[in-house]
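**Q** So that you have it, the file is upload03.cif, and it contains mmCIF, C-alpha atoms:
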data_data
#
loop_
_atom_site.label_atom_id
_atom_site.label_comp_id
_atom_site.auth_asym_id
_atom_site.auth_seq_id
_atom_site.Cartn_x
_atom_site.Cartn_y
_atom_site.Cartn_z
CA MET Q 731 0.00 0.00 0.00
CA MET Q 732 1.27 3.52 -0.86
CA PRO Q 733 3.07 4.74 2.29
CA GLY Q 734 2.54 8.53 2.10
CA ARG Q 735 4.80 11.08 3.78
CA PRO Q 736 6.31 10.55 7.24
CA ILE Q 737 3.62 11.17 9.79
CA GLU Q 738 3.68 14.68 11.26
CA ASN Q 739 1.16 15.46 13.91
CA ARG Q 740 1.01 19.18 13.24
CA LYS Q 741 -1.89 21.20 14.56
CA PRO Q 742 -4.07 22.67 11.79
CA SER Q 743 -3.82 26.41 11.03
CA LEU Q 744 -6.51 28.84 12.18
CA ALA Q 745 -8.11 28.91 8.70
CA VAL Q 746 -8.31 25.11 8.64
CA LYS Q 747 -9.73 25.04 12.18
CA ILE Q 748 -12.49 27.48 11.14
CA VAL Q 749 -13.28 25.33 8.09
CA LEU Q 750 -13.30 22.13 10.17
CA ALA Q 751 -15.90 23.71 12.47
CA ILE Q 752 -18.35 23.67 9.53
CA TYR Q 753 -18.35 19.85 9.57
CA PRO Q 754 -20.82 18.17 11.95
CA HIS Q 755 -19.35 17.01 15.24
CA GLU Q 756 -20.04 13.31 14.58
CA TRP Q 757 -18.35 13.49 11.17
CA ARG Q 758 -15.31 15.21 12.62
CA ALA Q 759 -14.99 12.57 15.34
CA ARG Q 760 -14.87 9.83 12.70
CA TYR Q 761 -13.00 11.31 9.72
CA GLN Q 762 -11.18 14.54 10.66
CA GLU Q 763 -7.84 12.94 11.50
CA GLU Q 764 -7.79 10.87 8.33
CA MET Q 765 -8.74 13.85 6.17
CA LEU Q 766 -6.00 16.04 7.70
CA CYS Q 767 -3.50 13.21 7.30
CA LEU Q 768 -4.42 12.92 3.61
CA ALA Q 769 -4.05 16.68 3.12
CA GLN Q 770 -0.60 16.55 4.74
CA ASP Q 771 0.37 13.55 2.57
CA VAL Q 772 -0.65 15.41 -0.60
CA TYR Q 773 0.34 19.02 0.16
CA GLY Q 774 2.81 18.91 3.05
CA PRO Q 775 2.49 20.99 6.23
CA THR Q 776 0.84 24.02 4.58
CA PHE Q 777 -2.39 23.51 2.67
CA PRO Q 778 -3.07 25.65 -0.43
CA LEU Q 779 -6.18 27.81 -0.67
CA SER Q 780 -7.78 25.38 -3.13
CA CYS Q 781 -7.53 22.58 -0.57
CA VAL Q 782 -9.03 24.69 2.23
CA ALA Q 783 -11.81 25.96 -0.07
CA GLY Q 784 -12.60 22.37 -1.10
CA MET Q 785 -12.80 21.34 2.55
CA ALA Q 786 -15.15 24.26 3.26
CA LYS Q 787 -17.44 23.27 0.39
CA ASP Q 788 -17.55 19.63 1.46
CA GLY Q 789 -18.00 20.66 5.09
CA LEU Q 790 -21.09 22.63 4.14
CA ARG Q 791 -22.40 19.62 2.25
CA GLN Q 792 -21.84 17.36 5.27
CA ARG Q 793 -23.54 19.89 7.56
CA LEU Q 794 -26.58 20.16 5.27
CA SER Q 795 -26.69 16.35 5.03
CA SER Q 796 -26.65 15.97 8.80
CA MET Q 797 -29.57 18.44 9.01
CA GLY Q 798 -31.47 16.37 6.46
CA ILE Q 799 -31.56 19.07 3.82
CA LEU Q 800 -29.26 17.13 1.47
CA SER Q 801 -29.59 13.41 0.99
CA GLU Q 802 -26.50 11.58 2.15
CA ASN Q 803 -27.45 8.22 0.72
CA PRO Q 804 -25.45 7.50 -2.44
CA LEU Q 805 -28.11 5.07 -3.58
CA ILE Q 806 -30.46 6.39 -6.16
CA GLY Q 807 -33.74 4.64 -6.78
CA ASP Q 808 -34.09 3.45 -3.18
CA PRO Q 809 -37.73 4.32 -2.35
CA ARG Q 810 -37.35 4.04 1.42
CA SER Q 811 -34.50 6.54 1.68
CA GLN Q 812 -36.23 8.87 -0.82
CA MET Q 813 -39.39 8.77 1.31
CA VAL Q 814 -37.46 9.58 4.48
CA HIS Q 815 -35.56 12.40 2.81
CA GLY Q 816 -38.78 13.81 1.37
CA GLY Q 817 -40.39 13.67 4.81
CA VAL Q 818 -37.46 15.47 6.39
CA LEU Q 819 -37.63 18.18 3.72
CA SER Q 820 -41.33 18.72 4.50
CA VAL Q 821 -40.37 19.33 8.15
CA TRP Q 822 -37.89 21.98 7.00
CA ALA Q 823 -40.52 23.54 4.73
CA PHE Q 824 -42.92 23.81 7.68
CA ALA Q 825 -40.15 25.25 9.89
CA LEU Q 826 -39.72 28.02 7.31
CA VAL Q 827 -43.50 28.53 7.23
CA VAL Q 828 -43.56 28.87 11.03
CA LEU Q 829 -40.84 31.53 10.89
CA ALA Q 830 -42.49 33.43 8.05
CA GLY Q 831 -45.88 33.09 9.73
CA SER Q 832 -44.60 34.40 13.05
CA GLY Q 833 -43.17 37.46 11.33
CA PHE Q 834 -46.38 37.93 9.37
CA ALA Q 835 -48.54 37.63 12.50
CA LYS Q 836 -46.49 40.27 14.30
CA PHE Q 837 -46.41 42.55 11.28
CA ILE Q 838 -50.17 42.53 10.66
CA GLU Q 839 -51.18 43.27 14.24
CA HIS Q 840 -54.05 45.75 14.24
CA TRP Q 841 -54.42 45.65 10.45
CA ASN Q 842 -58.19 45.67 10.88
CA ALA Q 843 -57.99 49.19 12.24
CA SER Q 844 -56.36 50.42 9.01
CA ILE Q 845 -59.16 49.45 6.66
CA SER Q 846 -62.93 49.81 6.38
CA GLN Q 847 -65.21 46.81 6.82
CA THR Q 848 -66.23 46.77 3.14
CA ASP Q 849 -62.65 46.92 1.89
CA SER Q 850 -61.43 44.19 4.22
CA PHE Q 851 -63.18 41.26 2.46
CA LEU Q 852 -60.20 40.05 0.41
CA PRO Q 853 -57.59 40.67 3.12
CA ARG Q 854 -59.76 38.68 5.53
CA ILE Q 855 -59.85 35.81 3.03
CA GLY Q 856 -56.06 35.97 2.75
CA ALA Q 857 -55.57 36.04 6.51
CA GLY Q 858 -58.03 33.17 6.86
CA ILE Q 859 -56.09 31.05 4.37
CA VAL Q 860 -52.85 31.79 6.25
CA ASN Q 861 -54.50 30.65 9.50
CA ALA Q 862 -55.84 27.54 7.77
CA ALA Q 863 -52.30 26.72 6.58
CA ALA Q 864 -51.01 27.03 10.13
CA VAL Q 865 -53.76 24.78 11.49
CA ALA Q 866 -53.30 22.20 8.71
CA GLY Q 867 -49.57 22.10 9.35
CA ALA Q 868 -50.05 21.76 13.10
CA VAL Q 869 -52.53 18.89 12.58
CA MET Q 870 -50.04 17.08 10.32
CA VAL Q 871 -47.25 17.59 12.86
CA ALA Q 872 -49.48 16.20 15.61
CA GLY Q 873 -50.40 13.24 13.41
CA GLY Q 874 -46.75 12.61 12.63
CA LEU Q 875 -45.87 12.67 16.33
CA ALA Q 876 -48.62 10.17 17.03
CA VAL Q 877 -47.34 7.77 14.35
CA LEU Q 878 -43.65 8.19 15.15
CA ALA Q 879 -43.61 8.51 18.95
CA ARG Q 880 -43.29 4.79 19.76
CA PRO Q 881 -40.72 3.95 17.04
CA ALA Q 882 -38.72 7.02 18.09
CA LEU Q 883 -38.71 5.93 21.75
CA ARG Q 884 -37.66 2.44 20.70
CA PHE Q 885 -34.82 3.92 18.63
CA VAL Q 886 -33.60 5.98 21.60
CA ARG Q 887 -33.79 3.04 24.01
CA GLU Q 888 -31.92 0.75 21.62
CA GLY Q 889 -28.82 2.93 21.40
CA GLY Q 890 -30.02 5.85 19.27
CA TRP Q 891 -29.60 8.32 22.13
CA ALA Q 892 -25.90 8.78 21.27
CA ALA Q 893 -26.85 9.91 17.76
CA ILE Q 894 -29.28 12.59 18.97
CA LYS Q 895 -27.82 13.59 22.35
CA ARG Q 896 -25.95 16.70 21.16
CA LYS Q 897 -28.87 17.93 19.09
CA PHE Q 898 -31.33 17.27 21.92
CA ILE Q 899 -29.23 19.30 24.34
CA THR Q 900 -28.90 22.11 21.78
CA VAL Q 901 -32.68 22.21 21.22
CA THR Q 902 -33.36 22.19 24.95
CA CYS Q 903 -30.91 25.00 25.71
CA LEU Q 904 -32.03 27.15 22.79
CA GLY Q 905 -35.70 26.56 23.56
CA ALA Q 906 -35.26 27.43 27.21
CA GLY Q 907 -33.23 30.52 26.32
CA THR Q 908 -35.85 31.67 23.82
CA LEU Q 909 -38.69 31.25 26.32
CA ALA Q 910 -36.74 33.04 29.02
CA TRP Q 911 -36.00 35.94 26.66
CA LEU Q 912 -39.66 36.08 25.65
CA ALA Q 913 -40.71 36.27 29.29
CA PHE Q 914 -38.25 39.11 29.83
CA MET Q 915 -39.58 40.94 26.77
CA VAL Q 916 -43.19 40.59 27.91
CA LYS Q 917 -42.27 41.95 31.35
CA THR Q 918 -40.42 44.88 29.73
CA ALA Q 919 -43.30 45.53 27.31
CA HIS Q 920 -45.73 46.02 30.18
CA SER Q 921 -43.77 49.01 31.35
CA LEU Q 922 -43.62 50.65 27.91
CA PRO Q 923 -46.25 52.83 26.22
CA ALA Q 924 -47.97 51.50 23.06
CA GLN Q 925 -45.95 53.71 20.73
CA ALA Q 926 -42.65 52.43 22.14
CA ARG Q 927 -43.82 48.80 21.83
CA ASN Q 928 -44.73 49.26 18.18
CA GLY Q 929 -41.39 50.50 16.93
CA GLY Q 930 -40.87 53.71 18.84
CA SER Q 931 -38.20 52.30 21.19
CA VAL Q 932 -34.86 51.30 19.65
CA SER Q 933 -33.81 49.14 22.59
CA TYR Q 934 -37.13 47.27 22.51
CA LEU Q 935 -36.64 46.74 18.77
CA GLU Q 936 -33.19 45.31 19.46
CA MET Q 937 -34.67 42.99 22.06
CA GLY Q 938 -37.17 41.91 19.42
CA LEU Q 939 -34.43 41.23 16.89
CA LEU Q 940 -32.58 39.04 19.39
CA PHE Q 941 -35.84 37.19 20.00
CA VAL Q 942 -36.15 36.60 16.23
CA VAL Q 943 -32.59 35.21 16.10
CA LEU Q 944 -33.19 32.90 19.08
CA THR Q 945 -36.51 31.69 17.67
CA THR Q 946 -34.91 30.99 14.28
CA LEU Q 947 -32.07 29.01 15.85
CA SER Q 948 -34.53 27.07 18.04
CA ILE Q 949 -36.77 26.14 15.13
CA PHE Q 950 -33.83 25.13 12.91
CA SER Q 951 -32.21 23.05 15.63
CA LEU Q 952 -35.53 21.30 16.28
CA ALA Q 953 -35.93 20.52 12.57
CA SER Q 954 -32.37 19.17 12.54
CA LEU Q 955 -33.14 16.91 15.54
CA VAL Q 956 -36.31 15.64 13.88
CA SER Q 957 -34.38 14.88 10.68
CA THR Q 958 -31.75 12.83 12.58
CA LEU Q 959 -34.50 10.88 14.34
CA ALA Q 960 -36.41 10.30 11.09
CA ARG Q 961 -33.35 8.78 9.44
CA GLY Q 962 -32.61 6.51 12.39
CA ILE Q 963 -35.99 4.97 13.23
CA GLU Q 964 -37.31 1.81 11.59
CA LEU Q 965 -40.88 1.85 10.36
CA SER Q 966 -43.19 -0.71 8.85
CA ASP Q 967 -44.26 -0.14 5.26
CA ALA Q 968 -47.72 1.00 6.38
CA ARG Q 969 -46.32 3.59 8.81
CA SER Q 970 -43.76 4.77 6.25
CA LYS Q 971 -46.46 5.36 3.67
CA ALA Q 972 -48.75 7.07 6.18
CA CYS Q 973 -45.88 9.39 7.09
CA GLY Q 974 -45.26 9.96 3.39
CA TRP Q 975 -48.81 11.21 2.81
CA MET Q 976 -48.74 13.34 5.95
CA SER Q 977 -45.45 14.84 4.76
CA VAL Q 978 -47.02 15.71 1.39
CA MET Q 979 -49.85 17.50 3.22
CA LEU Q 980 -47.38 19.18 5.57
CA GLY Q 981 -45.48 20.47 2.55
CA GLY Q 982 -48.84 21.53 1.09
CA SER Q 983 -49.34 23.90 4.01
CA ALA Q 984 -46.42 25.92 2.59
CA TYR Q 985 -48.29 26.42 -0.69
CA LEU Q 986 -51.45 27.36 1.19
CA PHE Q 987 -49.53 29.86 3.29
CA ALA Q 988 -47.98 31.43 0.18
CA VAL Q 989 -51.41 31.78 -1.47
CA GLY Q 990 -52.96 33.37 1.64
CA LEU Q 991 -49.99 35.71 2.00
CA ALA Q 992 -50.20 36.79 -1.64
CA ILE Q 993 -53.94 37.50 -1.37
CA TRP Q 994 -53.60 39.49 1.86
CA TRP Q 995 -50.61 41.49 0.66
CA SER Q 996 -51.88 42.35 -2.79
CA SER Q 997 -55.33 43.33 -1.55
CA MET Q 998 -53.92 45.46 1.30
CA LEU Q 999 -51.50 47.19 -1.08
CA VAL Q 1000 -54.46 48.21 -3.22
CA ARG Q 1001 -57.01 48.99 -0.51
CA ALA Q 1002 -54.90 50.21 2.42
CA PRO Q 1003 -51.39 51.12 1.23
CA TRP Q 1004 -50.93 53.44 4.23
CA PHE Q 1005 -50.69 50.33 6.45
CA PHE Q 1006 -47.28 49.58 4.95
CA GLY Q 1007 -46.14 53.15 5.52
CA GLY Q 1008 -46.74 52.77 9.23
CA THR Q 1009 -48.52 56.06 9.66
CA ARG Q 1010 -51.78 54.82 11.15
CA ALA Q 1011 -52.08 51.73 13.32
CA GLN Q 1012 -48.45 50.70 13.20
CA PRO Q 1013 -45.71 53.31 13.57
CA SER Q 1014 -42.89 50.82 12.86
CA ALA Q 1015 -42.41 52.17 9.32
CA ALA Q 1016 -38.65 51.71 9.50
CA LEU Q 1017 -39.10 47.93 9.79
CA ALA Q 1018 -41.67 47.44 7.07
CA PRO Q 1019 -39.38 46.87 4.05
CA GLN Q 1020 -36.99 44.54 5.90
CA THR Q 1021 -39.84 42.57 7.45
CA LEU Q 1022 -41.65 42.23 4.14
CA VAL Q 1023 -38.50 41.09 2.34
CA GLY Q 1024 -37.72 38.64 5.12
CA ILE Q 1025 -41.21 37.14 5.07
CA ALA Q 1026 -41.16 36.91 1.26
CA VAL Q 1027 -37.76 35.18 1.19
CA LEU Q 1028 -38.77 32.68 3.88
CA THR Q 1029 -42.04 31.92 2.09
CA LEU Q 1030 -40.30 31.40 -1.24
CA ALA Q 1031 -37.74 29.11 0.41
CA ALA Q 1032 -40.56 27.15 2.08
CA VAL Q 1033 -42.35 26.67 -1.26
CA LEU Q 1034 -39.15 25.51 -2.99
CA VAL Q 1035 -38.27 23.04 -0.23
CA ALA Q 1036 -41.89 21.80 -0.12
CA SER Q 1037 -41.79 21.21 -3.89
CA LYS Q 1038 -38.61 19.15 -3.62
CA SER Q 1039 -40.14 17.21 -0.74
CA THR Q 1040 -43.37 16.44 -2.59
CA LYS Q 1041 -41.49 15.33 -5.70
CA ARG Q 1042 -39.26 12.95 -3.72
CA ILE Q 1043 -42.16 11.41 -1.86
CA LEU Q 1044 -44.35 10.95 -4.93
CA VAL Q 1045 -41.43 9.37 -6.86
CA SER Q 1046 -40.80 7.00 -3.96
CA PHE Q 1047 -44.49 5.98 -3.93
CA MET Q 1048 -44.25 5.18 -7.63
CA ARG Q 1049 -41.17 3.01 -7.09
CA TRP Q 1050 -42.53 1.30 -3.99
CA GLU Q 1051 -44.14 -2.09 -4.62
CA MET X 693 -40.16 -4.40 8.38
CA SER X 694 -39.35 -3.04 4.98
CA SER X 695 -40.62 -4.87 1.94
CA SER X 696 -39.79 -2.12 -0.49
CA ARG X 697 -38.71 -3.42 -3.88
CA GLN X 698 -35.22 -4.90 -3.80
CA GLU X 699 -33.53 -2.92 -6.59
CA SER X 700 -29.90 -3.71 -7.19
CA PRO X 701 -27.89 -0.92 -5.57
CA LYS X 702 -27.29 1.90 -7.99
CA LEU X 703 -24.73 4.64 -7.46
CA GLU X 704 -24.80 8.29 -8.41
CA ARG X 705 -23.49 9.32 -11.88
CA PRO X 706 -20.64 7.10 -13.16
CA ASN X 707 -17.90 9.76 -13.10
CA GLN X 708 -18.60 10.76 -9.51
CA PRO X 709 -16.05 10.29 -6.69
CA SER X 710 -17.97 7.31 -5.25
CA VAL X 711 -17.50 5.30 -8.45
CA LEU X 712 -13.83 6.28 -8.76
CA ILE X 713 -13.17 5.16 -5.18
CA LEU X 714 -14.93 1.82 -5.66
CA THR X 715 -12.99 1.26 -8.89
CA SER X 716 -9.73 1.88 -7.09
CA LEU X 717 -10.68 -0.40 -4.16
CA ALA X 718 -11.65 -3.19 -6.56
CA SER X 719 -7.94 -3.96 -6.90
CA GLY X 720 -7.37 -4.19 -3.13
CA PRO X 721 -7.68 -2.24 0.14
CA LYS X 722 -6.19 1.27 0.21
CA HIS X 723 -6.02 4.28 2.52
CA GLY X 724 -6.82 7.84 1.47
CA TYR X 725 -3.41 8.74 0.01
CA ALA X 726 -3.15 5.50 -1.97
CA LEU X 727 -6.68 6.09 -3.31
CA THR X 728 -5.76 9.65 -4.36
CA VAL X 729 -2.63 8.50 -6.23
CA ASP X 730 -4.35 5.52 -7.88
CA ILE X 731 -7.37 7.55 -9.02
CA GLU X 732 -5.09 10.24 -10.44
CA GLN X 733 -3.23 7.56 -12.41
CA PHE X 734 -6.19 5.72 -13.97
CA ALA X 735 -8.80 8.51 -14.20
CA LYS X 736 -6.59 11.64 -14.45
CA VAL X 737 -8.76 13.15 -11.68
CA LYS X 738 -7.33 14.64 -8.50
CA LEU X 739 -9.77 14.35 -5.60
CA GLY X 740 -9.24 16.86 -2.79
CA PRO X 741 -9.21 15.64 0.82
CA GLY X 742 -12.68 17.06 1.52
CA THR X 743 -14.16 15.43 -1.59
CA MET X 744 -12.38 12.13 -0.87
CA TYR X 745 -13.61 11.78 2.68
CA GLY X 746 -17.04 13.14 1.85
CA ALA X 747 -17.42 10.29 -0.64
CA ILE X 748 -15.82 7.76 1.74
CA SER X 749 -18.29 8.70 4.49
CA ARG X 750 -21.25 8.29 2.10
CA LEU X 751 -19.95 4.95 0.83
CA GLU X 752 -19.27 3.66 4.34
CA SER X 753 -22.69 4.69 5.63
CA GLY X 754 -24.27 3.00 2.59
CA GLY X 755 -22.37 -0.23 3.30
CA PHE X 756 -20.38 -0.18 0.04
CA ILE X 757 -16.99 -0.04 1.77
CA GLU X 758 -15.68 -0.83 5.22
CA ALA X 759 -12.73 0.41 7.23
CA LEU X 760 -9.98 -2.03 8.19
CA PRO X 761 -8.26 -1.84 11.57
CA SER X 762 -5.10 0.25 11.56
CA SER X 763 -2.62 1.45 14.15
CA ASP X 764 -1.80 4.79 12.49
CA ARG X 765 -3.76 7.82 11.30
CA ARG X 766 -4.15 6.37 7.81
CA LYS X 767 -7.06 3.94 7.86
CA PRO X 768 -7.36 1.57 4.88
CA TYR X 769 -10.74 0.72 3.35
CA ARG X 770 -11.93 -2.28 1.38
CA ILE X 771 -14.88 -2.77 -0.93
CA THR X 772 -17.79 -4.90 0.29
CA GLU X 773 -19.94 -7.28 -1.74
CA SER X 774 -22.61 -4.60 -1.94
CA GLY X 775 -20.00 -2.21 -3.28
CA ARG X 776 -18.90 -4.72 -5.92
CA GLN X 777 -22.47 -5.14 -7.13
CA ALA X 778 -22.94 -1.38 -7.35
CA LEU X 779 -19.65 -1.01 -9.23
CA VAL X 780 -20.61 -3.74 -11.72
CA GLU X 781 -23.86 -1.91 -12.41
CA ALA X 782 -22.13 1.48 -12.81
CA ALA X 783 -19.41 0.00 -15.06
CA GLY X 784 -22.07 -1.66 -17.20
CA GLU X 785 -23.86 1.66 -17.70
CA MET X 786 -20.62 3.42 -18.64
CA ARG X 787 -19.70 0.68 -21.11
CA SER X 788 -23.12 0.78 -22.74
CA LEU X 789 -22.90 4.55 -23.12
CA ALA X 790 -19.35 4.42 -24.53
CA ASP X 791 -20.23 1.64 -27.01
CA THR X 792 -23.28 3.55 -28.26
CA GLY X 793 -21.36 6.80 -28.65
CA ILE X 794 -18.46 5.22 -30.52
CA SER X 795 -20.64 3.15 -32.84
CA ARG X 796 -22.65 6.26 -33.78
CA LEU X 797 -19.53 8.32 -34.30
CA ALA X 798 -17.98 5.61 -36.52
CA GLY X 799 -20.32 6.75 -39.31
CA SER X 800 -18.83 10.29 -39.24
CA SER X 801 -15.55 10.15 -41.27
CA ARG X 802 -13.77 13.17 -39.79
CA LEU X 803 -14.49 12.24 -36.22
CA SER X 804 -13.76 8.56 -36.77
CA ASP X 805 -10.39 9.41 -38.39
CA SER X 806 -9.52 11.36 -35.27
CA LEU X 807 -10.57 8.49 -33.03
CA ARG X 808 -8.58 5.97 -35.10
CA ALA X 809 -5.48 8.17 -34.96
CA ARG X 810 -5.77 8.14 -31.16
CA GLY X 811 -6.37 4.41 -31.11
CA LYS X 812 -9.88 4.79 -29.73
CA ILE X 813 -11.57 2.73 -32.48
CA ALA X 814 -10.38 -0.07 -34.81
CA PRO X 815 -8.83 0.83 -38.19
CA VAL X 816 -10.98 0.41 -41.33
CA THR X 817 -10.04 -2.64 -43.40
CA GLY X 818 -11.07 -4.02 -46.80
CA VAL X 819 -12.63 -0.82 -48.15
CA ALA X 820 -13.09 -0.97 -51.95
#
Using structure tokens, write down the structure from this file.

**A**
Amino acid sequence: MMPGRPIENRKPSLAVKIVLAIYPHEWRARYQEEMLCLAQDVYGPTFPLSCVAGMAKDGLRQRLSSMGILSENPLIGDPRSQMVHGGVLSVWAFALVVLAGSGFAKFIEHWNASISQTDSFLPRIGAGIVNAAAVAGAVMVAGGLAVLARPALRFVREGGWAAIKRKFITVTCLGAGTLAWLAFMVKTAHSLPAQARNGGSVSYLEMGLLFVVLTTLSIFSLASLVSTLARGIELSDARSKACGWMSVMLGGSAYLFAVGLAIWWSSMLVRAPWFFGGTRAQPSAALAPQTLVGIAVLTLAAVLVASKSTKRILVSFMRWE
Amino acid sequence: MSSSRQESPKLERPNQPSVLILTSLASGPKHGYALTVDIEQFAKVKLGPGTMYGAISRLESGGFIEALPSSDRRKPYRITESGRQALVEAAGEMRSLADTGISRLAGSSRLSDSLRARGKIAPVTGVA
């Protein structure tokens, strides 16, 4: 076997250490030493930029695979793994819908006060469809939990805890931190006047932004935990297929949300454009463009991920005998 | 338990790192550096360390290769039976594609002259 260079146990440079941090912890524990050894065999003690850039790109791929966003199974045509990957993608699509929906719900507070009863027909339809999307998604999530709870517990008891321990701790800490920050914000809000709460206070806005960051991290870490569990548990064919259909409907809630959002937005732009300027019910005019762009980007991402999910699941149903 | 259709294992596109690694391991176990050198020799492709171990991790998790015990940092890998089956399938697809392309090109005189000059197709004989 080709011997390679004499073994040097040099510590990686700062740039390499930063790139290695992109890789998931479990992957690093298994392959980091071998990969660094190979790089030293090929390039010597100092790695060129092309090598470091390649490691960064592959690190990102490994990270996205561990979160379930990219499929890590090299097999194509395997219906079971396609079904699981499609299901995981639908969870990510719904996570994006939850984020976009939370922003939308906060943004449209008091919208009723900005528009007359007769003009509010279409916006009410749009808001109703958005609410229906949220309820449909929540029902599918509850159904999924009901189907998967026992297999998931079995997986954890039979040695799967090691695979999810880090992610579980991350979700717990982030969730607790987010709730604690929310409680602090609510307590602070009670001592502020209405104008300050709705964009008039810079420090309260900053608290709100931190809350958005914490919520985003919590939701993403929860989706990542769910994806690791989904790929580890064993399901019967009947349960797998039931989960497949629920995942299609969960992804469908993203389309429903996008439709409701489009109806509400377009009708409000025509009938109550002053709402977006923040001069009547909502003085937070400075936040309107950023919030709108953020909600639109999240919604578009949710629709794209939901489409990929639906396609994978439907293809796996066609291949499944 | 699963009763999904038992398709023979099929890899990603034939020129992808996974196929190159399996091809190299078909001649015997190798560690990462030996794989890099061998692949560069037969395929004229240089796989970076990130790409190499990204593909190795996917192949190992799919059961196509397995690590052998080793006392140093370089861990050798060997191909499994599942990996051999997948490689046979991928090689068959590549061969079929190459045969079709060359037989279609053989009708085009300028292109086929070029291929003959490079020894890619057989010389023409017995032309009147």

**Q** Which of these, Q:Met915, Q:Leu940, Q:Cys973, Q:Ile855, has the shortest distance to Q:Ala960 once you count only C-alpha atoms?

**A** Q:Cys973

**Q** Please identify all polymer residues within 10 Å of stretch 734-736 of chain X, counting all atoms listed in the file, omitting same-chain residues fewer than 3 positions from it, and present them as a list in words.

**A** Asn707, Leu712, Thr715, Ser716, Val729, Asp730, Ile731 and Leu739 of chain X

**Q** What does the distance between atom CA of Q:Phe898 and atom CA of Q:Leu955 come to in Å, to one decimal place?

**A**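 One can read the atom CA of Q:Phe898 to atom CA of Q:Leu955 distance as 6.6 Å.
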
**Q** Between atom CA of X:Tyr769 and atom CA of X:Pro721, what distance in Å does the model show, to one decimal?

**A**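 Distance reported for this atom pair: 5.3 Å.
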
**Q** Of the candidates Q:Trp975, Q:Tyr761, Q:Tyr934, Q:Tyr753, which one gets nearest to chain X if we count only C-alpha atoms?

**A** Q:Tyr761

**Q** Do you know which residues the PyMOL selection byres ((chain X and resi 773) around 12) returns on this file, as a PyMOL selection string?

**A** chain X and resi 700-701+714+717-718+754-758+770-772+774-780

**Q** Counting all atoms listed in the file, what is within 12 Å of Q:Arg793, bar same-chain residues fewer than 5 positions away, as a PyMOL selection string?

**A** (chain Q and resi 749-758+785-788+798-802+954+958) or (chain X and resi 746)

**Q** For a quick check of your reading of the model, name the residues lying within 12 Å of the coordinate (-38.3, 40.7, 24.7), counting all atoms listed in the file, and write them as a ChimeraX atom specification.

**A** /Q:907-922,927,933-945

**Q** Save out the residues we just selected, C-alpha atoms, as a short mmCIF file (atom, residue, chain, number, x, y, z; two decimals), keeping the file's coordinate frame.

**A**
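And here is the file that came out, part20.cif:
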data_model
loop_
_atom_site.label_atom_id
_atom_site.label_comp_id
_atom_site.auth_asym_id
_atom_site.auth_seq_id
_atom_site.Cartn_x
_atom_site.Cartn_y
_atom_site.Cartn_z
CA GLY Q 907 -33.23 30.52 26.32
CA THR Q 908 -35.85 31.67 23.82
CA LEU Q 909 -38.69 31.25 26.32
CA ALA Q 910 -36.74 33.04 29.02
CA TRP Q 911 -36.00 35.94 26.66
CA LEU Q 912 -39.66 36.08 25.65
CA ALA Q 913 -40.71 36.27 29.29
CA PHE Q 914 -38.25 39.11 29.83
CA MET Q 915 -39.58 40.94 26.77
CA VAL Q 916 -43.19 40.59 27.91
CA LYS Q 917 -42.27 41.95 31.35
CA THR Q 918 -40.42 44.88 29.73
CA ALA Q 919 -43.30 45.53 27.31
CA HIS Q 920 -45.73 46.02 30.18
CA SER Q 921 -43.77 49.01 31.35
CA LEU Q 922 -43.62 50.65 27.91
CA ARG Q 927 -43.82 48.80 21.83
CA SER Q 933 -33.81 49.14 22.59
CA TYR Q 934 -37.13 47.27 22.51
CA LEU Q 935 -36.64 46.74 18.77
CA GLU Q 936 -33.19 45.31 19.46
CA MET Q 937 -34.67 42.99 22.06
CA GLY Q 938 -37.17 41.91 19.42
CA LEU Q 939 -34.43 41.23 16.89
CA LEU Q 940 -32.58 39.04 19.39
CA PHE Q 941 -35.84 37.19 20.00
CA VAL Q 942 -36.15 36.60 16.23
CA VAL Q 943 -32.59 35.21 16.10
CA LEU Q 944 -33.19 32.90 19.08
CA THR Q 945 -36.51 31.69 17.67
#

**Q** So how far away is atom CA of Q:Ile845 from atom CA of Q:Ala1002, in Å?

**A** 6.1 Å

**Q** Measuring atom to atom with only C-alpha atoms, identify which of Q:Met976, Q:Ala759, Q:Val1035, Q:Leu744 is nearest to chain X.

**A**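 Closest candidate: Q:Ala759.
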
**Q** Check what the PyMOL selection byres ((chain X and resi 741) around 10) selects in the file above and give those residues as a list in words.

**A**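 That selection, the PyMOL selection byres ((chain X and resi 741) around 10), comes back as Glu764, Met765, Leu766, Cys767, Leu768, Ala769, Gln770, Asp771, Val772, Cys781, Val782, Gly784, Met785 and Asp788 of chain Q; Gly724, Tyr725, Thr728, Lys738, Leu739, Gly740, Gly742, Thr743, Met744, Tyr745, Gly746 and Ala747 of chain X.
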
**Q** Let me have the centre and edge lengths in Å, one decimal, of the box along x, y and z around every listed atom of stretch 744-752 of chain Q with 8 Å of margin on each side, as AutoDock Vina command-line options.

**A**
--center_x -12.4 --center_y 25.5 --center_z 10.3 --size_x 27.8 --size_y 22.8 --size_z 20.4

**Q** I'd like the contact shell of Q:Val865 - 12 Å cut-off, all atoms listed in the file, skipping same-chain residues fewer than 2 positions apart - returned as a ChimeraX atom specification.

**A** /Q:824,827-828,831,858-863,867-872,979-980,982-984,986-987

**Q** Which residues would end up in the selection if the PyMOL selection byres ((chain Q and resi 873-878) around 12) were applied here, given that I need the answer as a PyMOL selection string?

**A** chain Q and resi 817-818+820-821+866-872+879-885+956+959-966+968-980
